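Q: Structure file coords-v4.cif, mmCIF, C-alpha atoms, is pasted below:
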```
data_run
loop_
_atom_site.label_atom_id
_atom_site.label_comp_id
_atom_site.auth_asym_id
_atom_site.auth_seq_id
_atom_site.Cartn_x
_atom_site.Cartn_y
_atom_site.Cartn_z
CA MET A 1 28.96 -2.84 -7.26
CA GLY A 2 26.99 0.00 -5.68
CA LEU A 3 23.54 -0.37 -4.19
CA LEU A 4 20.62 -0.27 -6.61
CA THR A 5 18.80 3.05 -6.87
CA PHE A 6 17.22 5.63 -9.19
CA LYS A 7 17.93 9.26 -10.08
CA GLY A 8 16.52 11.91 -7.77
CA GLY A 9 14.84 11.38 -4.41
CA VAL A 10 15.33 12.79 -0.92
CA HIS A 11 16.45 11.61 2.53
CA PRO A 12 13.83 12.68 5.11
CA TYR A 13 14.07 11.80 8.79
CA ASP A 14 12.67 8.27 8.87
CA GLY A 15 11.36 8.01 12.45
CA LYS A 16 11.44 4.21 12.27
CA GLU A 17 13.24 3.83 15.59
CA LEU A 18 9.94 4.56 17.37
CA SER A 19 8.35 1.25 16.36
CA LYS A 20 10.83 -0.98 14.50
CA GLU A 21 11.70 -3.05 17.57
CA LYS A 22 8.05 -3.63 18.49
CA PRO A 23 6.86 -7.15 17.49
CA ILE A 24 3.50 -7.52 15.79
CA GLN A 25 0.62 -7.69 18.29
CA ALA A 26 -2.85 -8.98 17.47
CA VAL A 27 -5.66 -6.54 18.31
CA LEU A 28 -9.21 -7.76 18.89
CA PRO A 29 -11.70 -5.03 17.96
CA LYS A 30 -14.53 -3.85 20.17
CA GLY A 31 -18.04 -2.87 19.16
CA GLU A 32 -19.00 -2.37 15.52
CA LEU A 33 -16.75 -2.84 12.50
CA VAL A 34 -17.17 -0.87 9.29
CA TYR A 35 -16.38 -2.37 5.86
CA PRO A 36 -16.45 0.26 3.08
CA LEU A 37 -17.44 -1.25 -0.27
CA SER A 38 -14.71 0.74 -2.05
CA GLN A 39 -11.42 -0.53 -0.61
CA HIS A 40 -9.73 -0.94 -3.99
CA ILE A 41 -9.30 0.62 -7.41
CA GLY A 42 -12.20 -0.22 -9.71
CA ALA A 43 -15.88 -0.97 -9.21
CA PRO A 44 -17.19 -1.00 -5.62
CA ALA A 45 -18.07 -4.39 -4.17
CA LYS A 46 -21.77 -5.37 -3.95
CA PRO A 47 -23.27 -6.50 -0.62
CA VAL A 48 -24.40 -10.14 -0.43
CA VAL A 49 -25.72 -9.88 3.14
CA GLU A 50 -28.70 -8.06 4.62
CA LYS A 51 -29.44 -6.13 7.79
CA GLY A 52 -29.99 -8.51 10.70
CA GLU A 53 -28.08 -11.41 9.12
CA ARG A 54 -25.45 -13.21 11.21
CA VAL A 55 -22.02 -13.65 9.64
CA LEU A 56 -18.86 -15.59 10.48
CA VAL A 57 -15.15 -14.76 10.30
CA GLY A 58 -13.99 -15.26 6.72
CA GLN A 59 -17.50 -15.12 5.23
CA LYS A 60 -17.91 -13.14 2.01
CA ILE A 61 -20.11 -10.13 2.77
CA ALA A 62 -19.69 -8.34 -0.57
CA GLU A 63 -18.88 -9.71 -4.01
CA ALA A 64 -16.75 -8.08 -6.69
CA GLY A 65 -18.63 -5.47 -8.71
CA GLY A 66 -16.72 -6.30 -11.90
CA PHE A 67 -13.45 -7.77 -13.15
CA VAL A 68 -11.48 -4.81 -11.74
CA SER A 69 -12.93 -5.17 -8.27
CA ALA A 70 -12.54 -7.41 -5.22
CA PRO A 71 -14.83 -9.15 -2.72
CA ILE A 72 -14.86 -8.23 0.97
CA HIS A 73 -14.94 -10.67 3.88
CA ALA A 74 -15.96 -10.31 7.51
CA SER A 75 -13.07 -10.27 9.97
CA VAL A 76 -15.31 -10.98 12.98
CA SER A 77 -18.49 -12.92 13.66
CA GLY A 78 -21.59 -10.94 14.47
CA THR A 79 -24.73 -9.36 13.09
CA VAL A 80 -25.10 -6.99 10.15
CA LYS A 81 -26.22 -3.80 11.82
CA THR A 82 -26.79 -1.67 8.74
CA ILE A 83 -25.57 -0.86 5.24
CA GLU A 84 -25.12 2.88 4.91
CA PRO A 85 -22.62 5.61 3.96
CA ARG A 86 -19.75 5.97 6.43
CA LEU A 87 -16.75 8.30 6.63
CA THR A 88 -13.41 7.04 5.26
CA THR A 89 -9.82 8.28 5.50
CA SER A 90 -10.24 10.20 2.22
CA GLY A 91 -12.92 12.35 3.86
CA ALA A 92 -15.60 10.89 1.60
CA MET A 93 -18.77 9.14 2.65
CA VAL A 94 -18.76 5.62 1.17
CA ASN A 95 -21.41 2.90 1.36
CA ALA A 96 -20.31 0.41 3.99
CA ILE A 97 -21.45 -2.78 5.71
CA VAL A 98 -21.54 -2.32 9.50
CA ILE A 99 -21.23 -5.46 11.64
CA GLU A 100 -21.78 -5.64 15.39
CA ASN A 101 -19.01 -7.85 16.78
CA ASP A 102 -20.31 -10.66 19.03
CA ASP A 103 -16.80 -11.47 20.35
CA GLN A 104 -17.27 -15.15 19.47
CA TYR A 105 -14.99 -15.18 16.39
CA GLU A 106 -16.74 -18.18 14.87
CA THR A 107 -15.03 -18.99 11.60
CA VAL A 108 -16.09 -20.45 8.27
CA GLU A 109 -14.30 -23.59 7.11
CA TYR A 110 -11.17 -22.84 5.07
CA HIS A 111 -9.90 -25.11 2.31
CA PRO A 112 -6.08 -25.21 2.25
CA ALA A 113 -4.28 -26.41 -0.87
CA GLU A 114 -2.60 -29.82 -0.75
CA SER A 115 0.51 -28.28 -2.28
CA LEU A 116 1.49 -25.55 -4.70
CA GLU A 117 2.35 -28.22 -7.28
CA SER A 118 -1.21 -29.54 -7.14
CA LEU A 119 -2.67 -26.19 -8.25
CA THR A 120 -3.01 -25.01 -11.83
CA LYS A 121 -2.36 -21.39 -12.79
CA GLU A 122 -6.10 -20.84 -13.16
CA GLU A 123 -6.74 -22.24 -9.67
CA ILE A 124 -4.08 -19.97 -8.15
CA LEU A 125 -5.63 -16.89 -9.76
CA LYS A 126 -9.12 -17.98 -8.68
CA ARG A 127 -8.01 -18.37 -5.07
CA ILE A 128 -6.40 -14.92 -5.12
CA GLN A 129 -9.54 -13.41 -6.65
CA GLU A 130 -11.90 -15.14 -4.20
CA GLY A 131 -9.63 -14.11 -1.33
CA GLY A 132 -10.21 -10.44 -2.11
CA VAL A 133 -6.48 -9.72 -2.32
CA VAL A 134 -5.59 -6.19 -3.44
CA GLY A 135 -2.41 -4.11 -3.42
CA MET A 136 -1.79 -3.36 0.24
CA GLY A 137 0.97 -0.82 -0.30
CA GLY A 138 -1.64 1.91 -0.77
CA ALA A 139 -2.91 1.68 -4.35
CA GLY A 140 -5.41 -1.14 -3.77
CA PHE A 141 -5.29 -2.55 -7.31
CA PRO A 142 -7.02 -5.97 -7.42
CA THR A 143 -4.16 -8.49 -7.41
CA HIS A 144 -5.78 -11.10 -9.65
CA VAL A 145 -5.98 -8.46 -12.39
CA LYS A 146 -2.33 -7.49 -11.95
CA LEU A 147 -1.33 -11.16 -12.16
CA SER A 148 -3.32 -11.68 -15.38
CA PRO A 149 -1.39 -9.71 -18.04
CA LYS A 150 -2.27 -10.27 -21.69
CA GLU A 151 1.10 -11.90 -22.37
CA PRO A 152 2.29 -13.71 -19.22
CA ASP A 153 5.22 -15.29 -21.08
CA LYS A 154 6.76 -11.81 -21.46
CA ILE A 155 6.94 -11.24 -17.69
CA GLU A 156 10.63 -11.48 -16.76
CA TYR A 157 10.68 -10.08 -13.22
CA VAL A 158 8.39 -10.44 -10.22
CA LEU A 159 9.42 -7.74 -7.73
CA VAL A 160 8.51 -8.02 -4.06
CA ASN A 161 8.54 -4.46 -2.76
CA GLY A 162 10.07 -4.51 0.72
CA ALA A 163 11.70 -1.09 0.46
CA GLU A 164 9.26 0.55 2.91
CA CYS A 165 10.82 3.92 2.12
CA GLU A 166 7.97 5.97 3.63
CA PRO A 167 9.14 7.50 6.95
CA TYR A 168 7.85 6.06 10.25
CA LEU A 169 6.32 2.89 8.73
CA THR A 170 7.69 -0.43 10.04
CA SER A 171 4.92 -2.92 9.24
CA ASP A 172 6.76 -4.51 6.29
CA TYR A 173 9.98 -4.62 8.35
CA ARG A 174 8.26 -6.63 11.08
CA ARG A 175 6.52 -8.85 8.55
CA ILE A 176 9.85 -9.84 6.96
CA LEU A 177 11.49 -10.54 10.33
CA GLU A 178 8.58 -12.49 11.81
CA GLU A 179 7.07 -14.30 8.81
CA PRO A 180 9.76 -14.61 6.11
CA GLU A 181 8.53 -18.06 5.08
CA LYS A 182 5.15 -16.58 4.07
CA VAL A 183 6.89 -13.92 1.96
CA VAL A 184 8.86 -16.59 0.11
CA GLY A 185 5.79 -18.82 -0.13
CA GLY A 186 3.72 -16.02 -1.67
CA LEU A 187 6.45 -15.22 -4.17
CA LYS A 188 6.58 -18.89 -5.21
CA CYS A 189 2.83 -18.76 -5.86
CA MET A 190 3.37 -15.74 -8.12
CA LEU A 191 6.32 -17.30 -9.94
CA LYS A 192 4.25 -20.36 -10.83
CA LEU A 193 2.09 -18.01 -12.93
CA PHE A 194 5.06 -16.78 -14.97
CA ASP A 195 7.27 -19.49 -16.44
CA ASN A 196 10.03 -17.13 -17.61
CA ALA A 197 10.26 -14.83 -14.57
CA GLN A 198 12.84 -14.33 -11.83
CA GLY A 199 11.74 -13.20 -8.37
CA PHE A 200 13.48 -10.24 -6.72
CA ILE A 201 12.92 -9.45 -3.03
CA CYS A 202 13.84 -5.75 -2.84
CA ILE A 203 14.88 -4.32 0.56
CA GLU A 204 16.55 -1.01 1.48
CA ASP A 205 19.96 -1.28 3.13
CA ASN A 206 18.72 0.36 6.35
CA LYS A 207 17.23 -3.08 7.11
CA PRO A 208 20.37 -5.28 7.12
CA ASP A 209 18.73 -7.86 9.40
CA CYS A 210 15.89 -8.29 6.88
CA ILE A 211 18.35 -8.63 4.00
CA LYS A 212 20.33 -11.25 5.89
CA LYS A 213 17.22 -13.22 6.87
CA MET A 214 15.79 -13.25 3.34
CA GLU A 215 19.14 -14.21 1.80
CA GLU A 216 19.25 -17.19 4.15
CA MET A 217 15.68 -18.13 3.23
CA VAL A 218 16.28 -18.13 -0.55
CA LYS A 219 19.87 -19.41 -0.77
CA ASN A 220 18.68 -22.64 -2.40
CA GLU A 221 16.00 -21.04 -4.60
CA SER A 222 17.23 -20.81 -8.19
CA ARG A 223 14.52 -18.37 -9.27
CA ILE A 224 14.64 -15.97 -6.30
CA GLN A 225 17.23 -13.32 -5.40
CA VAL A 226 17.45 -10.61 -2.74
CA LYS A 227 18.17 -7.15 -4.14
CA PRO A 228 19.58 -4.65 -1.58
CA LEU A 229 18.58 -1.06 -2.40
CA GLN A 230 20.06 2.27 -1.44
CA THR A 231 18.02 3.88 1.34
CA LYS A 232 16.32 6.82 -0.33
CA TYR A 233 12.77 8.07 -0.70
CA PRO A 234 10.75 7.12 -2.84
CA GLN A 235 12.72 3.95 -3.52
CA GLY A 236 9.56 1.87 -3.04
CA ALA A 237 7.54 3.73 -5.68
CA GLU A 238 6.67 1.29 -8.45
CA ARG A 239 8.43 3.16 -11.25
CA CYS A 240 11.51 3.86 -9.13
CA LEU A 241 11.76 0.23 -8.00
CA ILE A 242 11.51 -1.09 -11.55
CA ASN A 243 14.16 1.35 -12.73
CA ALA A 244 16.51 0.61 -9.80
CA THR A 245 16.34 -3.18 -10.14
CA THR A 246 15.98 -3.71 -13.90
CA GLY A 247 17.08 -0.43 -15.50
CA ARG A 248 13.74 -0.24 -17.32
CA GLU A 249 11.38 2.72 -17.33
CA ILE A 250 7.61 3.12 -17.55
CA ASN A 251 5.37 6.18 -17.82
CA SER A 252 1.75 7.05 -17.02
CA SER A 253 0.43 5.39 -20.18
CA MET A 254 2.16 2.08 -19.40
CA LEU A 255 1.75 -0.75 -16.92
CA PRO A 256 4.68 -2.55 -15.24
CA ALA A 257 3.79 -5.56 -17.42
CA ASP A 258 4.75 -3.45 -20.46
CA ALA A 259 8.29 -3.50 -19.07
CA GLY A 260 8.13 -7.21 -18.31
CA CYS A 261 7.55 -6.66 -14.58
CA VAL A 262 5.01 -7.39 -11.86
CA VAL A 263 5.38 -5.51 -8.56
CA ASP A 264 3.66 -6.32 -5.26
CA ASN A 265 4.10 -5.11 -1.70
CA ILE A 266 5.36 -7.45 1.07
CA ASP A 267 1.98 -7.58 2.82
CA THR A 268 0.24 -8.30 -0.50
CA VAL A 269 2.59 -11.22 -1.15
CA VAL A 270 1.78 -12.65 2.29
CA ALA A 271 -1.94 -12.23 1.55
CA ILE A 272 -1.38 -14.17 -1.70
CA TYR A 273 0.24 -16.98 0.27
CA LYS A 274 -2.65 -17.13 2.74
CA SER A 275 -5.35 -17.11 0.06
CA VAL A 276 -3.62 -19.68 -2.19
CA MET A 277 -2.07 -22.09 0.29
CA LEU A 278 -4.27 -21.68 3.39
CA GLY A 279 -7.56 -20.75 1.72
CA GLN A 280 -7.89 -17.68 3.96
CA PRO A 281 -9.29 -14.44 2.50
CA LEU A 282 -7.79 -11.01 3.18
CA MET A 283 -9.25 -9.98 6.56
CA HIS A 284 -6.20 -8.70 8.46
CA ARG A 285 -3.26 -6.43 7.84
CA ILE A 286 -0.32 -4.96 9.77
CA VAL A 287 -0.75 -1.32 10.83
CA THR A 288 1.99 0.80 12.40
CA VAL A 289 0.62 3.21 15.02
CA THR A 290 3.39 5.70 15.69
CA GLY A 291 4.53 9.30 16.04
CA ASN A 292 5.81 11.41 18.92
CA ALA A 293 2.25 11.97 20.21
CA ILE A 294 1.64 8.22 20.70
CA ALA A 295 2.35 6.83 24.16
CA ASN A 296 3.55 3.42 22.99
CA PRO A 297 4.21 3.14 19.23
CA CYS A 298 3.32 -0.37 18.02
CA ASN A 299 2.83 -2.67 15.05
CA PHE A 300 -0.60 -4.28 15.17
CA SER A 301 -2.20 -7.17 13.31
CA VAL A 302 -5.59 -5.59 12.70
CA CYS A 303 -9.00 -6.91 11.64
CA THR A 304 -10.17 -4.87 8.66
CA GLY A 305 -13.06 -2.67 9.69
CA THR A 306 -11.50 -1.75 13.06
CA SER A 307 -11.73 1.93 14.00
CA MET A 308 -8.45 3.88 13.92
CA GLU A 309 -9.51 5.46 17.20
CA CYS A 310 -9.47 1.96 18.72
CA LEU A 311 -5.92 1.35 17.48
CA ILE A 312 -4.66 4.58 19.04
CA GLU A 313 -6.19 3.48 22.37
CA GLU A 314 -4.45 0.09 22.04
CA ALA A 315 -1.13 1.94 21.59
CA GLY A 316 -1.57 3.59 24.99
CA GLY A 317 -3.47 6.57 23.69
CA LEU A 318 -2.10 10.05 23.12
CA LYS A 319 0.54 11.35 25.52
CA GLU A 320 0.10 14.81 24.03
CA ALA A 321 -2.56 16.40 21.84
CA PRO A 322 -1.41 15.94 18.22
CA LYS A 323 -1.19 18.87 15.82
CA LYS A 324 -1.63 16.47 12.90
CA VAL A 325 -2.91 12.91 12.47
CA ILE A 326 -2.11 11.16 9.20
CA ALA A 327 -3.45 7.91 7.75
CA GLY A 328 -0.23 6.56 6.25
CA GLY A 329 3.19 8.19 6.25
CA PRO A 330 4.15 11.88 6.23
CA MET A 331 5.09 12.00 2.54
CA MET A 332 2.05 10.43 0.89
CA GLY A 333 -0.47 9.89 3.68
CA MET A 334 -3.82 11.66 4.11
CA THR A 335 -4.49 14.03 7.00
CA LEU A 336 -7.41 12.96 9.18
CA PHE A 337 -9.91 15.35 10.71
CA HIS A 338 -11.78 12.54 12.48
CA LEU A 339 -10.41 9.39 14.14
CA ASN A 340 -13.57 7.30 13.90
CA VAL A 341 -12.74 5.94 10.45
CA PRO A 342 -12.21 2.26 9.61
CA THR A 343 -9.03 0.39 8.86
CA VAL A 344 -9.26 -1.01 5.33
CA LYS A 345 -7.14 -3.30 3.16
CA THR A 346 -4.84 -0.43 2.15
CA SER A 347 -4.32 1.08 5.64
CA GLY A 348 -0.63 0.88 6.56
CA ALA A 349 -0.16 3.33 9.42
CA ILE A 350 -1.57 5.96 11.73
CA LEU A 351 0.87 8.77 12.42
CA CYS A 352 0.25 11.26 15.25
CA LEU A 353 2.61 14.25 15.35
CA THR A 354 2.95 16.96 17.99
CA ASN A 355 4.16 19.47 15.40
CA ASP A 356 2.78 20.39 12.00
CA ASP A 357 5.94 21.46 10.20
CA VAL A 358 4.11 22.15 6.95
CA SER A 359 1.58 24.71 8.23
CA GLU A 360 4.04 26.31 10.67
CA GLN A 361 6.44 27.39 7.91
CA PRO A 362 5.14 30.25 5.73
CA GLU A 363 5.32 29.98 1.96
CA THR A 364 7.62 32.44 0.20
CA ALA A 365 8.48 33.17 -3.42
CA CYS A 366 10.32 30.64 -5.58
CA ILE A 367 14.06 31.44 -5.72
CA ASN A 368 14.69 29.27 -8.82
CA CYS A 369 17.20 27.11 -6.96
CA GLY A 370 16.36 23.95 -8.91
CA ARG A 371 16.28 21.66 -5.89
CA CYS A 372 12.84 20.36 -6.80
CA VAL A 373 14.13 19.41 -10.25
CA SER A 374 17.08 17.50 -8.76
CA ALA A 375 14.84 15.65 -6.32
CA CYS A 376 12.08 14.70 -8.76
CA PRO A 377 12.34 10.96 -9.60
CA GLU A 378 10.41 11.58 -12.83
CA ARG A 379 12.82 14.37 -13.92
CA LEU A 380 10.07 16.96 -14.22
CA LEU A 381 10.06 20.70 -13.48
CA PRO A 382 7.85 20.82 -10.37
CA SER A 383 8.13 24.57 -9.75
CA ARG A 384 6.95 25.33 -13.27
CA LEU A 385 4.20 22.70 -13.19
CA ALA A 386 2.87 24.15 -9.92
CA THR A 387 2.79 27.61 -11.50
CA PHE A 388 0.83 26.28 -14.47
CA ALA A 389 -1.57 24.55 -12.07
CA ASN A 390 -2.07 27.68 -9.98
CA HIS A 391 -2.93 29.65 -13.14
CA ASP A 392 -5.21 26.95 -14.60
CA GLN A 393 -2.94 26.53 -17.62
CA LEU A 394 -3.87 22.94 -18.40
CA ASP A 395 -2.39 22.97 -21.90
CA MET A 396 1.02 24.05 -20.59
CA PHE A 397 0.76 21.62 -17.68
CA GLU A 398 0.28 18.75 -20.11
CA ALA A 399 2.96 20.04 -22.49
CA TYR A 400 5.47 19.86 -19.61
CA ASP A 401 4.40 16.24 -18.80
CA GLY A 402 2.57 17.06 -15.58
CA VAL A 403 0.62 13.80 -15.72
CA GLU A 404 3.91 11.93 -15.23
CA CYS A 405 4.10 13.17 -11.63
CA VAL A 406 3.82 10.30 -9.13
CA GLU A 407 2.82 12.67 -6.28
CA CYS A 408 5.64 11.43 -4.05
CA GLY A 409 6.08 14.80 -2.29
CA CYS A 410 9.85 15.10 -2.86
CA CYS A 411 9.52 18.57 -4.40
CA SER A 412 7.44 19.97 -1.53
CA TYR A 413 9.82 18.44 1.00
CA ILE A 414 12.99 19.88 -0.55
CA CYS A 415 11.62 23.34 -1.49
CA PRO A 416 13.31 26.08 0.61
CA ALA A 417 10.41 28.44 -0.19
CA LYS A 418 7.99 25.88 1.30
CA ARG A 419 5.72 26.02 -1.74
CA PRO A 420 2.99 23.31 -1.73
CA LEU A 421 4.21 22.05 -5.09
CA THR A 422 2.85 18.51 -4.85
CA GLN A 423 -0.59 19.67 -3.77
CA SER A 424 -0.89 22.11 -6.68
CA ILE A 425 0.34 19.54 -9.20
CA ARG A 426 -1.95 16.84 -7.80
CA SER A 427 -5.05 19.00 -8.31
CA MET A 428 -4.24 19.80 -11.93
CA ARG A 429 -3.14 16.23 -12.62
CA LYS A 430 -6.56 14.93 -11.58
CA ILE A 431 -8.17 17.23 -14.13
CA ALA A 432 -5.75 16.14 -16.86
CA LEU A 433 -6.32 12.44 -16.14
CA ALA A 434 -10.11 12.92 -16.06
CA ASN A 435 -9.94 14.59 -19.49
CA ARG A 436 -8.07 11.57 -20.84
CA LYS A 437 -11.02 9.35 -19.93
CA LYS A 438 -13.64 11.52 -21.63
CA PRO A 439 -14.99 10.08 -24.90
CA LYS A 440 -13.61 11.89 -27.93
#
```
Would you mind writing the structure in this file as structure tokens?

A:
Amino acid sequence: MGLLTFKGGVHPYDGKELSKEKPIQAVLPKGELVYPLSQHIGAPAKPVVEKGERVLVGQKIAEAGGFVSAPIHASVSGTVKTIEPRLTTSGAMVNAIVIENDDQYETVEYHPAESLESLTKEEILKRIQEGGVVGMGGAGFPTHVKLSPKEPDKIEYVLVNGAECEPYLTSDYRRILEEPEKVVGGLKCMLKLFDNAQGFICIEDNKPDCIKKMEEMVKNESRIQVKPLQTKYPQGAERCLINATTGREINSSMLPADAGCVVDNIDTVVAIYKSVMLGQPLMHRIVTVTGNAIANPCNFSVCTGTSMECLIEEAGGLKEAPKKVIAGGPMMGMTLFHLNVPTVKTSGAILCLTNDDVSEQPETACINCGRCVSACPERLLPSRLATFANHDQLDMFEAYDGVECVECGCCSYICPAKRPLTQSIRSMRKIALANRKKPK
């Protein structure tokens, strides 16, 4: 049987050799830490501390602003310096709690669970909610909401997304190699919520050591299997992963639960384990600092709130002035114009490149080659959608299913004319989605 995959996709240079052999290193931050109140999809968190107040590691400093929201916890001990708007990786100014680190790392008392069997489903969900766990693969959807579908008995598959198909990123790879027991433990916590579900740990075949290790870990687990995937971008996209492993499809008006699936990233599953079994909230994550402009590419265990500038310094600094710095990977990351922005729950990588291949190649006219159509995992017509977007033809954009675009960047990558297809489609898609939310 061939490796599991989906239709479409591309094979960009992955750049993982720069950091894949670098074990996870803990980084202790210096100076102030910044905790934006919007680190997740949904309502911003609400501060529960005041200026001048002393806080401890693990203390809740902001509570959820609604059901679709998540609390935020301090990752250091120190004093609340201020609560004010601060710059984030999106380029927006967001209200944030600023804490001056006292370097003492005094910690609140955690309350580990006696055993998974001793916890009810409601207690598991409550621990995940109180732990502030959100999707750490980039979307930031509050995990307790994702794990609370209307009909939990109809969930048949719990997918652990270990594809890590985005070029250069190796944080999930190191997590699987170094802490496989926490991945399995987190998946078991999720499976207890869904009586009829099987757990799939999904890993691309360019990580054979991870596949081997996880297969050894779950060989006696009747409800858990390892699913090797074909190495192809965007294999780790939620829709692509569901289609590759189950053969089912979802669209923009559906949730994975509508196809009987729940999907969570490797780091999210580990955060679930820590919140449920250890009683520890989400305060740390793994960040890959890499690229050919970085002196010593590394994988760091980072306190949320740490400046990205600090992480670059910890990786030996810049050996050459970068032409482009990206928060995330090259396909779906966001270009930074300032390095003094905080690491948040959804930060997976900092990529520093000596060349900016996108801006250095001039755009030319479309030659109607159809490569963008072949690469599109959603089977759309990207060249036509971009033309509609550029001419503000919203009706035509919607008629050609433009809202189904997942903004993976495959079309822009493969286009020989170097048209910014994804960027044009993304702009019009935001308008179309905003119109959907308007009251009729």

Q: Evaluating the PyMOL selection byres ((chain A and resi 315-325) around 12) on the displayed file yields which residues, as number ranges by chain?

A: A: 19, 22, 25-27, 89, 287-300, 308-314, 326-330, 333-339, 349-360

Q: Nearest to Thr268 of chain A: which of A:Phe141, A:Phe200, A:Tyr35, A:Phe397 is it, counting only C-alpha atoms?

A: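 When distances to Thr268 of chain A are compared using only C-alpha atoms, the smallest one comes from A:Phe141.
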
Q: Kindly provide, as a PyMOL selection string, the polymer residues lying within 10 Å of (9.7, -5.1, 2.8), counting all atoms listed in the file and using the coordinates exactly as they appear in the file.

A: chain A and resi 160-165+170-177+183+201-204+207+210-211+236+265-267

Q: Mind giving me the axis-aligned box for segment 297-301 of chain A with 3 Å on every side, centre plus edges in Å to one decimal, as lines of an AutoDock Vina configuration file?

A:
```
center_x = 1.0
center_y = -2.0
center_z = 16.3
size_x = 12.4
size_y = 16.3
size_z = 11.9
```

Q: Interatomic distance between atom CA of Val134 of chain A and atom CA of Gly91 of chain A?

A: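 One can read the atom CA of Val134 of chain A to atom CA of Gly91 of chain A distance as 21.2 Å.
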
Q: Segment 118-127 of chain A: which residues within 12 Å, counting all atoms listed in the file, same-chain residues fewer than 5 positions away excluded, as JSON, numbers by chain?

A: {"A": [67, 70, 71, 110, 111, 112, 113, 132, 133, 142, 143, 144, 145, 146, 147, 148, 149, 152, 186, 188, 189, 190, 191, 192, 193, 194, 195, 271, 272, 273, 274, 275, 276, 277, 278, 279, 280, 281, 282]}

Q: Could you name the residues that touch Ser69 of chain A at 6 Å or less, counting only C-alpha atoms, but leaving out those on the same chain fewer than 4 positions away, as a ChimeraX atom specification?

A: /A:42-43,64-65

Q: Can you tell me how far atom CA of Leu381 of chain A sits from atom CA of Ala365 of chain A, in Å to one decimal?

A: 16.1 Å

Q: Work out how far atom CA of Glu100 of chain A is from atom CA of Thr82 of chain A, in Å to one decimal.

A: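 Distance reported for this atom pair: 9.2 Å.
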
Q: Run the PyMOL selection byres ((chain A and resi 418) around 10) mentally over the shown coordinates, then write out the matched residues as a ChimeraX atom specification, using the chain letters and numbers from the document.

A: /A:358-359,361-366,411-417,419-421

Q: In terms of the shortest atom-to-atom distance over only C-alpha atoms, which of A:Pro167, A:Pro342, A:Pro208, A:Pro234 is closest to Gly9 of chain A?

A: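 Among A:Pro167, A:Pro342, A:Pro208, A:Pro234, it is A:Pro234 that comes nearest to Gly9 of chain A.
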
Q: Fewer than 4 positions away in the same chain doesn't count, so skip those; otherwise give me all residues within 7 Å of segment 249-255 of chain A, counting all atoms listed in the file, as a list of chain:residue names.

A: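 Surrounding residues, per the criterion: A:Arg239, A:Ile242, A:Asn243, A:Ala259, A:Val403, A:Glu404.
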